[in-house]
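S.K.: I am attaching a structure below and will ask some questions about it afterwards.
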Amino acid sequence: MGGTPSVLDPQGAARYIADLWWLLAGLGSAIFVLVIFYLAFALWRRSAGRGLVPKATLDAPLANHIPSLRPVILGGIVLPIAVLSVVSFATVRTLRALGTLVTPDPLTIQVIGQQWWWEVRYSAYGFETANEIHIPVGEPVAIELRSDNVIHSFWVPELHGKLDLIPGRTNRFVIQADEAGEYRGLCAEFCGVQHANMMFLVIAQPPAEFAAWVAQQQQPAQPPTAPMAQAGQALFLAENCINCHAINGTDATGDLGPDLTHFASRRTLAAAMLPNNLGNLGGWVANPQHIKPGNLMPAADGLTGPELQALLAYLQTLD
Ligand code: CUA
């Protein structure tokens, strides 16, 4: 399910952001050390009975008490101007560098923020998935971000900075993974009770592997062959499941919840909360409110044990 994502392990556009981070961290640390040094120096002078202002000055008329203006000008004006100029210049340069990551006709993936999961549409290829964004490695990919509910924020720390999903508008940026692998992403804007569990994976694949994945996702679901899975499918189509979920190749066309056409090919459940395996799936279908309180999926508590097993068997055929 991806390691802990780190902004300090950057690829693509995230490199510019990490460079800026190091600059700020370096400057901040240098200033901290400088201030602590002067503080320690002043304390030492005082404890040594010397004071910052020499005794001769203290004994002199009041006008002479004003210490030299030089440290004030240097530390209070010159140094801040220099530091802030460097920081502003570096920030503007980083923003400009991010703005140039535009390619003429990149693969565009639409990502729609739901409460609390990610709808992922590959309009160019005519299919939809959820919580898992596959991209070809080494190629720029445009991500178009939308929301129909509240503000979310799309963040894959290793690949790019954050970008908000704002109701009523489309935000767009370009990401690129330089190495194949799994990158963990998360929602970075508080969006309700399960905000912290609104995660996703970006899976960067070699182009041939990506093309194979696309071809597989474009297929309708294969009808189940085992009797138990067939019974599960009949249940799925007869129960409330179809009010919210779509499975291409069946009569299920709901669009409130994740598209399940190739559900079993996905690595995680519940927006990257859990690995997608039989045990977790059983727990999820039986009582999703226990795992993720407040989400829109009702419990399948009207099902008997064997019915639940049949349903799970069917869902597991959707690869
Ligand atoms: Cu979506 Cu926080």
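Every chain in the structure tokens has a letter given in the order shown (A, B, ...), and although residue numbers restart at 1 in each chain, ligands are simply numbered from 1 in the order shown.
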Collect all residues with atoms no farther than 7 Å from ligand 1, counting only C-alpha atoms and all ligand atoms, and output them as a PyMOL selection string.
M.R.: chain A and resi 113-116+151-153+187-192+195-196+198
S.K.: Taking C-alpha atoms for each residue, export the selection above as a PDB file, in the first residue's frame.
M.R.:
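Saved as part16.pdb:
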```
ATOM      1  CA  GLY A 113     -13.215  14.249  -5.024  1.00  0.00           C
ATOM      2  CA  GLN A 114     -15.967  12.342  -3.247  1.00  0.00           C
ATOM      3  CA  GLN A 115     -16.684  12.042   0.459  1.00  0.00           C
ATOM      4  CA  TRP A 116     -14.371  10.243   1.086  1.00  0.00           C
ATOM      5  CA  ILE A 151     -13.095  21.302  -1.120  1.00  0.00           C
ATOM      6  CA  HIS A 152     -10.535  18.504  -1.157  1.00  0.00           C
ATOM      7  CA  SER A 153      -6.858  18.678  -1.972  1.00  0.00           C
ATOM      8  CA  CYS A 187      -6.425  14.426   0.719  1.00  0.00           C
ATOM      9  CA  ALA A 188      -4.762  17.503   2.149  1.00  0.00           C
ATOM     10  CA  GLU A 189      -7.800  19.677   2.889  1.00  0.00           C
ATOM     11  CA  PHE A 190     -10.189  18.920   5.711  1.00  0.00           C
ATOM     12  CA  CYS A 191     -13.361  17.665   4.027  1.00  0.00           C
ATOM     13  CA  GLY A 192     -15.381  15.960   6.722  1.00  0.00           C
ATOM     14  CA  HIS A 195     -10.855  13.261   5.690  1.00  0.00           C
ATOM     15  CA  ALA A 196      -7.896  11.431   7.217  1.00  0.00           C
ATOM     16  CA  MET A 198      -9.257   9.720   2.025  1.00  0.00           C
TER      17      MET A 198
END
```
S.K.: Using DSSP secondary structure from the backbone, list all strand (DSSP E) positions within range 105-274 of chain A, as a ChimeraX atom specification.
M.R.: /A:107-114,117-122,127-130,132-136,141-147,152-155,163-165,171-175,181-187,199-205,268-269,274
S.K.: What are the DSSP alpha helix (DSSP H) residues of range 49-158 of chain A, as a ChimeraX atom specification?
M.R.: /A:55-59,70-73,79-99
S.K.: How would the residues just picked look written out with N, CA, C and O atoms as a tab-separated table (two decimals), in the first residue's frame?
M.R.:
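Saved result, selection_19.tsv, follows:
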```tsv
chain	number	residue	atom	x	y	z
A	55	LYS	N	30.82	49.32	31.13
A	55	LYS	CA	30.51	50.15	32.28
A	55	LYS	C	30.81	51.62	32.01
A	55	LYS	O	30.05	52.49	32.40
A	56	ALA	N	31.88	51.84	31.28
A	56	ALA	CA	32.26	53.22	30.97
A	56	ALA	C	31.13	53.94	30.25
A	56	ALA	O	30.83	55.10	30.50
A	57	THR	N	30.42	53.20	29.39
A	57	THR	CA	29.31	53.81	28.65
A	57	THR	C	28.17	54.12	29.59
A	57	THR	O	27.53	55.17	29.50
A	58	LEU	N	27.91	53.16	30.53
A	58	LEU	CA	26.80	53.36	31.46
A	58	LEU	C	27.03	54.59	32.33
A	58	LEU	O	26.09	55.29	32.71
A	59	ASP	N	28.28	54.81	32.66
A	59	ASP	CA	28.59	55.95	33.52
A	59	ASP	C	28.55	57.26	32.75
A	59	ASP	O	28.47	58.34	33.33
A	70	ARG	N	24.95	50.26	14.25
A	70	ARG	CA	25.37	49.31	13.22
A	70	ARG	C	24.68	47.95	13.33
A	70	ARG	O	24.11	47.48	12.35
A	71	PRO	N	24.67	47.32	14.54
A	71	PRO	CA	24.00	46.00	14.62
A	71	PRO	C	22.52	46.09	14.29
A	71	PRO	O	21.94	45.15	13.73
A	72	VAL	N	21.90	47.24	14.65
A	72	VAL	CA	20.46	47.38	14.37
A	72	VAL	C	20.24	47.42	12.86
A	72	VAL	O	19.35	46.73	12.32
A	73	ILE	N	21.06	48.18	12.17
A	73	ILE	CA	20.89	48.29	10.72
A	73	ILE	C	21.20	46.95	10.04
A	73	ILE	O	20.47	46.48	9.17
A	79	LEU	N	20.05	42.32	6.89
A	79	LEU	CA	19.95	40.85	6.87
A	79	LEU	C	18.53	40.38	6.47
A	79	LEU	O	18.39	39.56	5.57
A	80	PRO	N	17.46	40.92	7.10
A	80	PRO	CA	16.12	40.48	6.68
A	80	PRO	C	15.86	40.76	5.20
A	80	PRO	O	15.27	39.93	4.50
A	81	ILE	N	16.31	41.93	4.71
A	81	ILE	CA	16.07	42.23	3.29
A	81	ILE	C	16.78	41.20	2.42
A	81	ILE	O	16.22	40.67	1.45
A	82	ALA	N	18.03	40.89	2.79
A	82	ALA	CA	18.79	39.93	2.00
A	82	ALA	C	18.10	38.56	2.02
A	82	ALA	O	17.87	37.93	0.98
A	83	VAL	N	17.75	38.10	3.24
A	83	VAL	CA	17.16	36.76	3.37
A	83	VAL	C	15.82	36.70	2.63
A	83	VAL	O	15.56	35.77	1.85
A	84	LEU	N	14.97	37.71	2.85
A	84	LEU	CA	13.65	37.68	2.22
A	84	LEU	C	13.75	37.80	0.71
A	84	LEU	O	12.94	37.24	-0.03
A	85	SER	N	14.76	38.55	0.22
A	85	SER	CA	14.93	38.65	-1.24
A	85	SER	C	15.28	37.29	-1.82
A	85	SER	O	14.72	36.88	-2.84
A	86	VAL	N	16.20	36.61	-1.15
A	86	VAL	CA	16.59	35.28	-1.64
A	86	VAL	C	15.37	34.35	-1.65
A	86	VAL	O	15.10	33.65	-2.62
A	87	VAL	N	14.60	34.39	-0.55
A	87	VAL	CA	13.44	33.51	-0.44
A	87	VAL	C	12.39	33.85	-1.51
A	87	VAL	O	11.85	32.97	-2.18
A	88	SER	N	12.13	35.16	-1.71
A	88	SER	CA	11.13	35.52	-2.73
A	88	SER	C	11.59	35.10	-4.11
A	88	SER	O	10.82	34.55	-4.90
A	89	PHE	N	12.86	35.35	-4.40
A	89	PHE	CA	13.38	34.99	-5.71
A	89	PHE	C	13.24	33.49	-5.94
A	89	PHE	O	12.75	33.03	-6.98
A	90	ALA	N	13.65	32.72	-4.92
A	90	ALA	CA	13.59	31.25	-5.07
A	90	ALA	C	12.15	30.78	-5.21
A	90	ALA	O	11.85	29.85	-5.98
A	91	THR	N	11.23	31.40	-4.48
A	91	THR	CA	9.82	30.99	-4.55
A	91	THR	C	9.24	31.27	-5.93
A	91	THR	O	8.59	30.42	-6.54
A	92	VAL	N	9.52	32.49	-6.44
A	92	VAL	CA	9.01	32.84	-7.76
A	92	VAL	C	9.60	31.91	-8.82
A	92	VAL	O	8.92	31.42	-9.71
A	93	ARG	N	10.89	31.61	-8.67
A	93	ARG	CA	11.54	30.71	-9.63
A	93	ARG	C	10.89	29.33	-9.59
A	93	ARG	O	10.67	28.70	-10.62
A	94	THR	N	10.59	28.85	-8.37
A	94	THR	CA	9.95	27.53	-8.25
A	94	THR	C	8.57	27.54	-8.89
A	94	THR	O	8.21	26.63	-9.64
A	95	LEU	N	7.81	28.60	-8.63
A	95	LEU	CA	6.46	28.69	-9.20
A	95	LEU	C	6.53	28.72	-10.73
A	95	LEU	O	5.73	28.08	-11.42
A	96	ARG	N	7.51	29.47	-11.24
A	96	ARG	CA	7.65	29.53	-12.71
A	96	ARG	C	8.03	28.17	-13.26
A	96	ARG	O	7.51	27.74	-14.28
A	97	ALA	N	8.93	27.48	-12.57
A	97	ALA	CA	9.36	26.16	-13.04
A	97	ALA	C	8.16	25.21	-13.07
A	97	ALA	O	7.98	24.44	-14.02
A	98	LEU	N	7.30	25.29	-12.05
A	98	LEU	CA	6.12	24.41	-12.01
A	98	LEU	C	5.17	24.76	-13.16
A	98	LEU	O	4.54	23.88	-13.74
A	99	GLY	N	5.10	26.06	-13.48
A	99	GLY	CA	4.20	26.51	-14.54
A	99	GLY	C	4.64	26.05	-15.93
A	99	GLY	O	3.84	26.01	-16.85
```
S.K.: Measuring atom to atom with only C-alpha atoms, identify which of A:Asn131, A:Asn171, A:Ala124, A:Ala231 is nearest to Leu274 in chain A.
M.R.: A:Asn131
S.K.: Name the residues in contact with Gln316 in chain A at a cut-off of 9 Å, using only C-alpha atoms, excluding same-chain residues fewer than 2 positions from it; report them as a PyMOL selection string.
M.R.: chain A and resi 229+263-265+277-278+311-314+318-319
S.K.: Ala13 in chain A: which residues within 8 Å, counting only C-alpha atoms, same-chain residues fewer than 6 positions away excluded, as a ChimeraX atom specification?
M.R.: /A:98,101,159-161,175-176
S.K.: Those same residues, written as a compact mmCIF listing (two decimals), in the first residue's frame with N, CA and C atoms?
M.R.:
```txt
# COMPACT_ATOMS: atom_id res chain seq x y z
N LEU A 98 7.30 25.29 -12.05
CA LEU A 98 6.12 24.41 -12.01
C LEU A 98 5.17 24.76 -13.16
N LEU A 101 5.70 23.12 -16.70
CA LEU A 101 5.52 21.69 -16.91
C LEU A 101 4.25 21.42 -17.72
N LEU A 159 5.46 13.38 -5.86
CA LEU A 159 5.32 13.75 -7.27
C LEU A 159 5.00 15.22 -7.52
N HIS A 160 4.35 15.87 -6.60
CA HIS A 160 3.98 17.26 -6.84
C HIS A 160 3.51 17.89 -5.53
N GLY A 161 3.33 19.21 -5.56
CA GLY A 161 2.72 19.89 -4.42
C GLY A 161 1.23 19.60 -4.39
N ILE A 175 1.71 15.86 -13.57
CA ILE A 175 2.62 15.10 -12.71
C ILE A 175 3.45 14.16 -13.58
N GLN A 176 4.56 13.75 -13.05
CA GLN A 176 5.38 12.79 -13.77
C GLN A 176 6.17 11.97 -12.76
```
S.K.: For His262 in chain A, find every residue with an atom within 10 Å (counting only C-alpha atoms), except residues of its own chain fewer than 6 positions away, and show them as a list of chain:residue names.
M.R.: A:Glu128, A:Thr129, A:Ala130, A:Gln216, A:Gln217, A:Gln218, A:Gln219, A:Pro220, A:Ala221, A:Gln222, A:Ile247, A:Asn248, A:Leu315, A:Gln316, A:Thr317, A:Leu318, A:Asp319
S.K.: Mind dumping the selected residues with C-alpha atoms as a short mmCIF file (atom, residue, chain, number, x, y, z; two decimals), in the first residue's frame?
M.R.:
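Printed below is out.cif as written:
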```
data_model
loop_
_atom_site.label_atom_id
_atom_site.label_comp_id
_atom_site.auth_asym_id
_atom_site.auth_seq_id
_atom_site.Cartn_x
_atom_site.Cartn_y
_atom_site.Cartn_z
CA GLU A 128 -13.59 4.72 -14.75
CA THR A 129 -11.95 3.43 -11.60
CA ALA A 130 -11.44 4.58 -8.02
CA GLN A 216 -7.89 -4.73 -19.30
CA GLN A 217 -9.81 -1.87 -17.66
CA GLN A 218 -11.62 -1.17 -20.92
CA GLN A 219 -13.12 -4.64 -20.97
CA PRO A 220 -16.56 -5.21 -19.46
CA ALA A 221 -16.64 -7.50 -16.44
CA GLN A 222 -16.48 -11.19 -17.29
CA ILE A 247 -20.32 -2.87 -13.20
CA ASN A 248 -19.89 -2.66 -16.96
CA LEU A 315 -16.79 -9.33 -6.17
CA GLN A 316 -13.53 -11.24 -6.23
CA THR A 317 -14.15 -12.32 -9.83
CA LEU A 318 -14.15 -8.68 -10.93
CA ASP A 319 -10.50 -8.50 -11.87
#
```
S.K.: Can you tell me how far CA of Ala48 in chain A sits from CA of Ile31 in chain A, in Å to one decimal?
M.R.: 25.5 Å
S.K.: Could you list, as a PyMOL selection string, every residue within 10 Å of Asp19 in chain A, counting only C-alpha atoms and ignoring same-chain residues fewer than 5 positions away?
M.R.: chain A and resi 8+10+14+24-25+90+94
S.K.: Take the residues just selected and output them with N, CA, C and O atoms as a compact mmCIF listing (two decimals), in the first residue's frame.
M.R.:
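Saved as part.txt:
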```
# COMPACT_ATOMS: atom_id res chain seq x y z
N LEU A 8 10.69 14.65 0.78
CA LEU A 8 12.14 14.72 0.62
C LEU A 8 12.67 13.57 -0.23
O LEU A 8 13.86 13.31 -0.27
N PRO A 10 11.78 13.28 -3.73
CA PRO A 10 10.94 13.81 -4.80
C PRO A 10 11.27 13.29 -6.20
O PRO A 10 12.40 12.87 -6.46
N ALA A 14 8.03 17.59 -8.08
CA ALA A 14 8.27 17.69 -6.63
C ALA A 14 9.72 18.05 -6.34
O ALA A 14 10.04 18.55 -5.26
N LEU A 24 14.88 26.83 2.32
CA LEU A 24 14.22 27.44 3.48
C LEU A 24 14.72 26.82 4.76
O LEU A 24 14.98 27.52 5.75
N ALA A 25 14.87 25.50 4.75
CA ALA A 25 15.35 24.81 5.96
C ALA A 25 16.77 25.28 6.28
O ALA A 25 17.12 25.52 7.45
N ALA A 90 13.65 32.72 -4.92
CA ALA A 90 13.59 31.25 -5.07
C ALA A 90 12.15 30.78 -5.21
O ALA A 90 11.85 29.85 -5.98
N THR A 94 10.59 28.85 -8.37
CA THR A 94 9.95 27.53 -8.25
C THR A 94 8.57 27.54 -8.89
O THR A 94 8.21 26.63 -9.64
```
S.K.: Report the distance between CA of Pro5 in chain A and CA of Phe154 in chain A in Å, rounded to one decimal place.
M.R.: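 A separation of 13.4 Å between them.
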S.K.: I need the residue nearest Ala238 in chain A from this list: A:Pro207, A:Arg266, A:Arg184, A:Glu307. Use only C-alpha atoms for the distance.
M.R.: A:Glu307
S.K.: Can you tell me which residues surround Leu34 in chain A at a distance of at most 12 Å, considering only C-alpha atoms, apart from same-chain residues fewer than 6 positions away, and format the answer as a list in words?
M.R.: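 These residues fall inside the cut-off: Leu27, Gly28, Ala40, Phe41, Gly75 and Leu79 of chain A.
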S.K.: Between CA of Met199 in chain A and CA of Ala271 in chain A, what distance in Å does the model show, to one decimal?
M.R.: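 Going from CA of Met199 in chain A over to CA of Ala271 in chain A covers 5.1 Å.
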S.K.: Which of these, A:Cys241, A:Glu158, A:Pro258, A:Asn280, has the shortest distance to Ala299 in chain A once you count only C-alpha atoms?
M.R.: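 Ranking A:Cys241, A:Glu158, A:Pro258, A:Asn280 by distance to Ala299 in chain A, first place goes to A:Cys241.
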